[in-house]
$ cat upload.cif   # mmCIF, C-alpha atoms
data_my_file
loop_
_atom_site.label_atom_id
_atom_site.label_comp_id
_atom_site.auth_asym_id
_atom_site.auth_seq_id
_atom_site.Cartn_x
_atom_site.Cartn_y
_atom_site.Cartn_z
CA MET A 1 -11.82 -38.02 16.55
CA LEU A 2 -13.06 -35.75 13.78
CA LYS A 3 -12.83 -37.16 10.26
CA PRO A 4 -12.87 -35.51 6.82
CA LYS A 5 -16.21 -34.90 5.13
CA LYS A 6 -16.97 -34.97 1.44
CA ASN A 7 -18.75 -32.04 -0.16
CA PHE A 8 -17.58 -31.33 -3.69
CA VAL A 9 -19.04 -27.82 -3.74
CA ILE A 10 -17.45 -26.70 -0.47
CA THR A 11 -14.16 -28.49 -1.21
CA GLY A 12 -14.03 -26.92 -4.67
CA PHE A 13 -14.60 -23.47 -3.24
CA PHE A 14 -11.86 -23.78 -0.63
CA ALA A 15 -9.44 -25.30 -3.16
CA PHE A 16 -9.95 -22.17 -5.25
CA TYR A 17 -9.68 -20.00 -2.12
CA ILE A 18 -6.37 -21.56 -1.08
CA ASP A 19 -4.91 -20.82 -4.52
CA TRP A 20 -6.10 -17.25 -4.20
CA ILE A 21 -4.77 -16.54 -0.70
CA ILE A 22 -1.39 -18.09 -1.48
CA LYS A 23 -1.00 -16.01 -4.62
CA ARG A 24 -2.14 -12.93 -2.71
CA HIS A 25 0.16 -13.34 0.31
CA PHE A 26 3.27 -14.88 -1.28
CA TYR A 27 5.51 -13.51 -3.98
CA LYS A 28 5.82 -17.07 -5.28
CA VAL A 29 6.07 -20.70 -4.19
CA GLU A 30 9.21 -22.51 -5.29
CA TYR A 31 9.45 -26.30 -5.18
CA ASN A 32 11.20 -29.19 -6.90
CA THR A 33 9.45 -32.22 -8.40
CA PRO A 34 10.93 -35.47 -7.03
CA LYS A 35 10.61 -38.79 -8.82
CA PHE A 36 7.81 -40.71 -7.12
CA ASN A 37 5.60 -43.71 -7.79
CA LYS A 38 2.17 -42.54 -8.92
CA GLU A 39 0.75 -45.97 -8.09
CA GLN A 40 1.53 -45.69 -4.37
CA SER A 41 0.08 -43.58 -1.60
CA ILE A 42 2.29 -40.96 0.05
CA LEU A 43 3.21 -40.28 3.66
CA LEU A 44 4.49 -36.71 3.55
CA ILE A 45 6.56 -35.59 6.54
CA ALA A 46 7.21 -31.87 6.96
CA ASN A 47 8.50 -29.31 9.43
CA HIS A 48 5.87 -27.15 11.09
CA PHE A 49 6.63 -23.45 11.41
CA SER A 50 3.50 -21.48 10.49
CA TRP A 51 -0.24 -21.29 9.98
CA TRP A 52 0.46 -21.61 6.26
CA ASP A 53 2.08 -25.07 6.29
CA GLY A 54 -0.96 -27.20 5.51
CA PHE A 55 -2.21 -24.78 2.87
CA LEU A 56 1.17 -24.64 1.12
CA LEU A 57 1.38 -28.42 1.00
CA TYR A 58 -2.22 -28.63 -0.23
CA TYR A 59 -1.20 -26.26 -3.01
CA VAL A 60 1.92 -28.28 -3.90
CA ASN A 61 -0.01 -31.56 -3.83
CA LYS A 62 -2.46 -30.12 -6.34
CA LEU A 63 0.40 -29.22 -8.70
CA VAL A 64 2.81 -32.14 -8.17
CA PHE A 65 1.34 -35.28 -6.61
CA LYS A 66 -2.33 -34.81 -7.54
CA LYS A 67 -3.62 -37.13 -4.81
CA ARG A 68 -6.49 -36.90 -2.34
CA PHE A 69 -5.16 -34.65 0.39
CA HIS A 70 -5.29 -35.60 4.08
CA VAL A 71 -3.56 -33.91 6.99
CA MET A 72 -3.51 -34.59 10.73
CA VAL A 73 -4.32 -31.51 12.80
CA LEU A 74 -5.09 -30.80 16.44
CA GLU A 75 -8.76 -31.27 17.23
CA GLU A 76 -9.00 -27.79 18.76
CA SER A 77 -7.86 -26.32 15.42
CA MET A 78 -10.47 -28.31 13.50
CA ARG A 79 -13.19 -27.10 15.84
CA LYS A 80 -12.10 -23.49 15.38
CA MET A 81 -11.84 -23.78 11.60
CA GLY A 82 -14.70 -26.06 10.63
CA PHE A 83 -13.93 -25.85 6.91
CA LEU A 84 -10.74 -27.91 7.41
CA LYS A 85 -12.76 -31.13 7.43
CA TYR A 86 -13.67 -30.46 3.79
CA LEU A 87 -9.97 -30.25 2.89
CA GLY A 88 -9.05 -33.71 4.14
CA SER A 89 -8.20 -32.82 7.73
CA PHE A 90 -8.64 -35.36 10.52
CA SER A 91 -8.06 -34.66 14.17
CA VAL A 92 -5.78 -35.82 16.93
CA VAL A 93 -5.95 -35.08 20.64
CA LYS A 94 -2.46 -35.28 22.10
CA ASN A 95 -1.92 -37.20 25.34
CA SER A 96 -5.31 -38.88 25.16
CA ARG A 97 -6.72 -42.32 24.42
CA GLN A 98 -7.86 -41.06 21.03
CA VAL A 99 -4.30 -40.76 19.73
CA LEU A 100 -4.11 -44.39 18.59
CA GLU A 101 -7.42 -44.03 16.76
CA SER A 102 -6.03 -41.07 14.80
CA LEU A 103 -2.74 -42.86 14.06
CA ASP A 104 -4.53 -46.01 12.90
CA TYR A 105 -6.81 -43.89 10.73
CA ALA A 106 -3.78 -42.26 9.10
CA ALA A 107 -2.21 -45.67 8.45
CA GLY A 108 -5.48 -46.89 6.96
CA LEU A 109 -5.55 -43.98 4.51
CA LEU A 110 -2.19 -45.10 3.17
CA GLY A 111 -3.81 -48.32 1.97
CA ASP A 112 -5.36 -46.35 -0.90
CA PRO A 113 -2.81 -45.40 -3.61
CA ASN A 114 -4.82 -42.28 -4.41
CA ASN A 115 -4.18 -40.74 -0.98
CA ILE A 116 -1.51 -38.46 0.44
CA VAL A 117 -1.27 -38.10 4.23
CA VAL A 118 0.60 -35.11 5.67
CA ILE A 119 2.11 -35.38 9.14
CA PHE A 120 3.94 -32.67 11.10
CA PRO A 121 5.95 -34.85 13.52
CA GLN A 122 7.07 -31.90 15.68
CA GLY A 123 3.55 -31.67 17.06
CA LYS A 124 3.72 -27.89 17.48
CA LEU A 125 5.15 -24.77 15.82
CA TYR A 126 8.87 -24.04 15.71
CA SER A 127 11.05 -21.62 13.75
CA ASN A 128 11.65 -22.78 10.18
CA PHE A 129 15.40 -22.44 10.75
CA VAL A 130 15.88 -24.55 13.88
CA ASP A 131 18.89 -26.88 13.85
CA THR A 132 17.09 -29.98 15.11
CA LEU A 133 13.49 -31.12 14.84
CA SER A 134 11.77 -33.08 17.58
CA PHE A 135 9.72 -36.07 16.42
CA GLU A 136 6.65 -37.36 18.23
CA LYS A 137 6.41 -41.18 18.37
CA GLY A 138 3.19 -41.28 16.35
CA ILE A 139 5.01 -41.23 13.02
CA LEU A 140 6.65 -44.57 13.88
CA HIS A 141 3.27 -46.11 14.65
CA ILE A 142 1.83 -44.97 11.33
CA ALA A 143 4.79 -46.26 9.35
CA ALA A 144 4.74 -49.65 11.07
CA LYS A 145 0.96 -50.05 10.84
CA ALA A 146 0.80 -49.11 7.15
CA LYS A 147 3.59 -51.57 6.32
CA ALA A 148 4.79 -51.32 2.70
CA ASN A 149 1.79 -49.87 0.89
CA PHE A 150 3.18 -46.35 0.56
CA GLN A 151 6.21 -44.14 -0.15
CA TYR A 152 7.76 -41.31 1.84
CA ILE A 153 8.00 -37.72 0.74
CA PHE A 154 10.11 -35.44 2.93
CA ALA A 155 9.32 -31.73 2.77
CA ALA A 156 11.59 -29.05 4.25
CA ASN A 157 9.84 -25.69 4.10
CA PHE A 158 11.32 -22.21 4.48
CA THR A 159 10.17 -18.66 3.79
CA GLU A 160 12.26 -15.62 2.88
CA ASN A 161 11.42 -12.09 1.78
CA PHE A 162 14.76 -10.96 0.41
CA GLU A 163 14.10 -7.93 -1.83
CA HIS A 164 10.33 -8.47 -2.07
CA LYS A 165 7.55 -7.16 0.16
CA LYS A 166 5.86 -10.55 0.09
CA PRO A 167 7.72 -13.72 1.15
CA THR A 168 8.65 -16.59 -1.13
CA ALA A 169 7.91 -20.10 0.12
CA HIS A 170 10.71 -22.55 -0.65
CA ILE A 171 9.69 -26.22 -0.45
CA TYR A 172 12.39 -28.86 -0.81
CA LEU A 173 10.96 -32.30 -1.58
CA LYS A 174 12.60 -35.74 -1.48
CA ALA A 175 11.03 -39.12 -2.27
CA LEU A 176 12.06 -42.42 -0.67
CA ASN A 177 10.75 -45.95 -1.06
CA VAL A 178 9.67 -47.76 2.08
CA ASP A 179 12.37 -50.38 1.62
CA GLU A 180 15.02 -47.63 1.70
CA ILE A 181 14.31 -46.69 5.29
CA LYS A 182 13.29 -48.45 8.51
CA PRO A 183 10.66 -46.80 10.76
CA ASP A 184 13.23 -46.09 13.48
CA GLU A 185 15.44 -44.31 10.92
CA ILE A 186 12.80 -41.81 9.79
CA LYS A 187 14.00 -38.96 11.99
CA GLU A 188 17.63 -39.45 11.02
CA GLN A 189 16.81 -39.61 7.31
CA TYR A 190 14.48 -36.62 7.51
CA MET A 191 17.08 -34.55 9.37
CA ARG A 192 19.63 -35.25 6.64
CA HIS A 193 17.19 -33.89 4.09
CA TYR A 194 16.27 -30.93 6.29
CA GLN A 195 19.90 -29.95 6.91
CA THR A 196 20.76 -30.24 3.21
CA ALA A 197 17.75 -28.11 2.31
CA LYS A 198 18.58 -25.57 5.00
CA GLN A 199 22.12 -25.29 3.67
CA GLN A 200 20.80 -24.70 0.16
CA GLN A 201 18.36 -22.12 1.46
CA THR A 202 20.91 -20.15 3.48
CA SER A 203 23.29 -20.20 0.51
CA ILE A 204 20.89 -18.19 -1.64
CA ILE A 205 22.35 -14.80 -2.56
CA VAL A 206 20.24 -12.11 -4.20
#
$ encode --input "upload.cif" --output "structure tokens"
Amino acid sequence: MLKPKKNFVITGFFAFYIDWIIKRHFYKVEYNTPKFNKEQSILLIANHFSWWDGFLLYYVNKLVFKKRFHVMVLEESMRKMGFLKYLGSFSVVKNSRQVLESLDYAAGLLGDPNNIVVIFPQGKLYSNFVDTLSFEKGILHIAAKAKANFQYIFAANFTENFEHKKPTAHIYLKALNVDEIKPDEIKEQYMRHYQTAKQQQTSIIV
């Protein structure tokens, strides 16, 4: 398992770089600001549809939640893009003995109220307008292991160009307390949020 590394110079450079590439490649990023507990860590669950997902959520975290960013990514991706370890990435190797190590590490991060942990439960890329999202079992392990030291943030992400050459990223956020949802209800609750967000998104008229 590959873990994040601290280097304030490199991290600072890539934080600036992410701002720059997002502003260069997107017309704008639209998001709402949910009510959340600043004294608790965050387990952020999001759909996974593009190379941009982690960078967009890194950008939103910097503006909204302002916590130390962590995201679970495939180990092969971390090896290809070595700089990811300086942006809070930690690796997982699917269908291997190392999976539990990665899941336990994610749960451990949630013990610190200054942390946000991003998980893409689909495990691979899908269209951002699919009707149903598949959920890997790992998210249940993290939620159960971390117990009640965190809060959930659901993120439903979509992109549209409409009349602009560059796309706009639309990020719909919802906060839930741990006592509002049982681990085995996470998929159902997330899908309710995703479907509501999708309906809002497809109702936009320019």
$ closest_residue --input "upload.cif" --among "A:Ser41, A:Asn61, A:Thr11, A:Ser96" --to "Gly108 in chain A" --atoms "all atoms listed in the file"
A:Ser41
$ closest_residue --input "upload.cif" --among "A:Arg97, A:Arg24, A:Lys38, A:Lys3" --to "Glu75 in chain A" --atoms "all atoms listed in the file"
A:Lys3
$ residues_around --input "upload.cif" --residues "range 185-201 of chain A" --least-positions-apart "5" --cutoff "7 Å" --atoms "all atoms listed in the file" --output "list in words"
Phe135, Phe154, Ala156 and Tyr172 of chain A
$ write_last_selection --input "upload.cif" --atoms "C-alpha atoms" --output "CSV table (one decimal), in the coordinates of the input"
chain,number,residue,atom,x,y,z
A,135,PHE,CA,9.7,-36.1,16.4
A,154,PHE,CA,10.1,-35.4,2.9
A,156,ALA,CA,11.6,-29.0,4.2
A,172,TYR,CA,12.4,-28.9,-0.8
$ closest_residue --input "upload.cif" --among "A:Ser134, A:Ser50, A:Asn177, A:Thr202" --to "Lys147 in chain A" --atoms "all atoms listed in the file"
A:Asn177
$ closest_residue --input "upload.cif" --among "A:Ala175, A:Phe162, A:Leu44, A:Glu180" --to "Ala148 in chain A" --atoms "only C-alpha atoms"
A:Glu180
$ axis_aligned_box --input "upload.cif" --around "range 36-41 of chain A" --padding-each-side "4 Å" --output "lines of an AutoDock Vina configuration file"
center_x = 3.9
center_y = -43.3
center_z = -5.3
size_x = 15.7
size_y = 13.3
size_z = 15.3
$ atom_distance --input "upload.cif" --atom1 "CA of Lys165 in chain A" --atom2 "CA of Thr132 in chain A"
28.9 Å
$ closest_residue --input "upload.cif" --among "A:Asn7, A:Thr168, A:Asn47, A:Ser89" --to "His70 in chain A" --atoms "all atoms listed in the file"
A:Ser89
$ closest_residue --input "upload.cif" --among "A:Ile45, A:Leu87, A:Ile171, A:Ala155" --to "Lys6 in chain A" --atoms "only C-alpha atoms"
A:Leu87
$ atom_distance --input "upload.cif" --atom1 "CA of Phe120 in chain A" --atom2 "CA of Lys166 in chain A"
24.8 Å
$ atom_distance --input "upload.cif" --atom1 "CA of Ser203 in chain A" --atom2 "CA of His25 in chain A"
24.1 Å
$ residues_around --input "upload.cif" --residues "Phe158 in chain A" --least-positions-apart "3" --cutoff "6 Å" --atoms "all atoms listed in the file" --output "PyMOL selection string"
chain A and resi 128+169-170
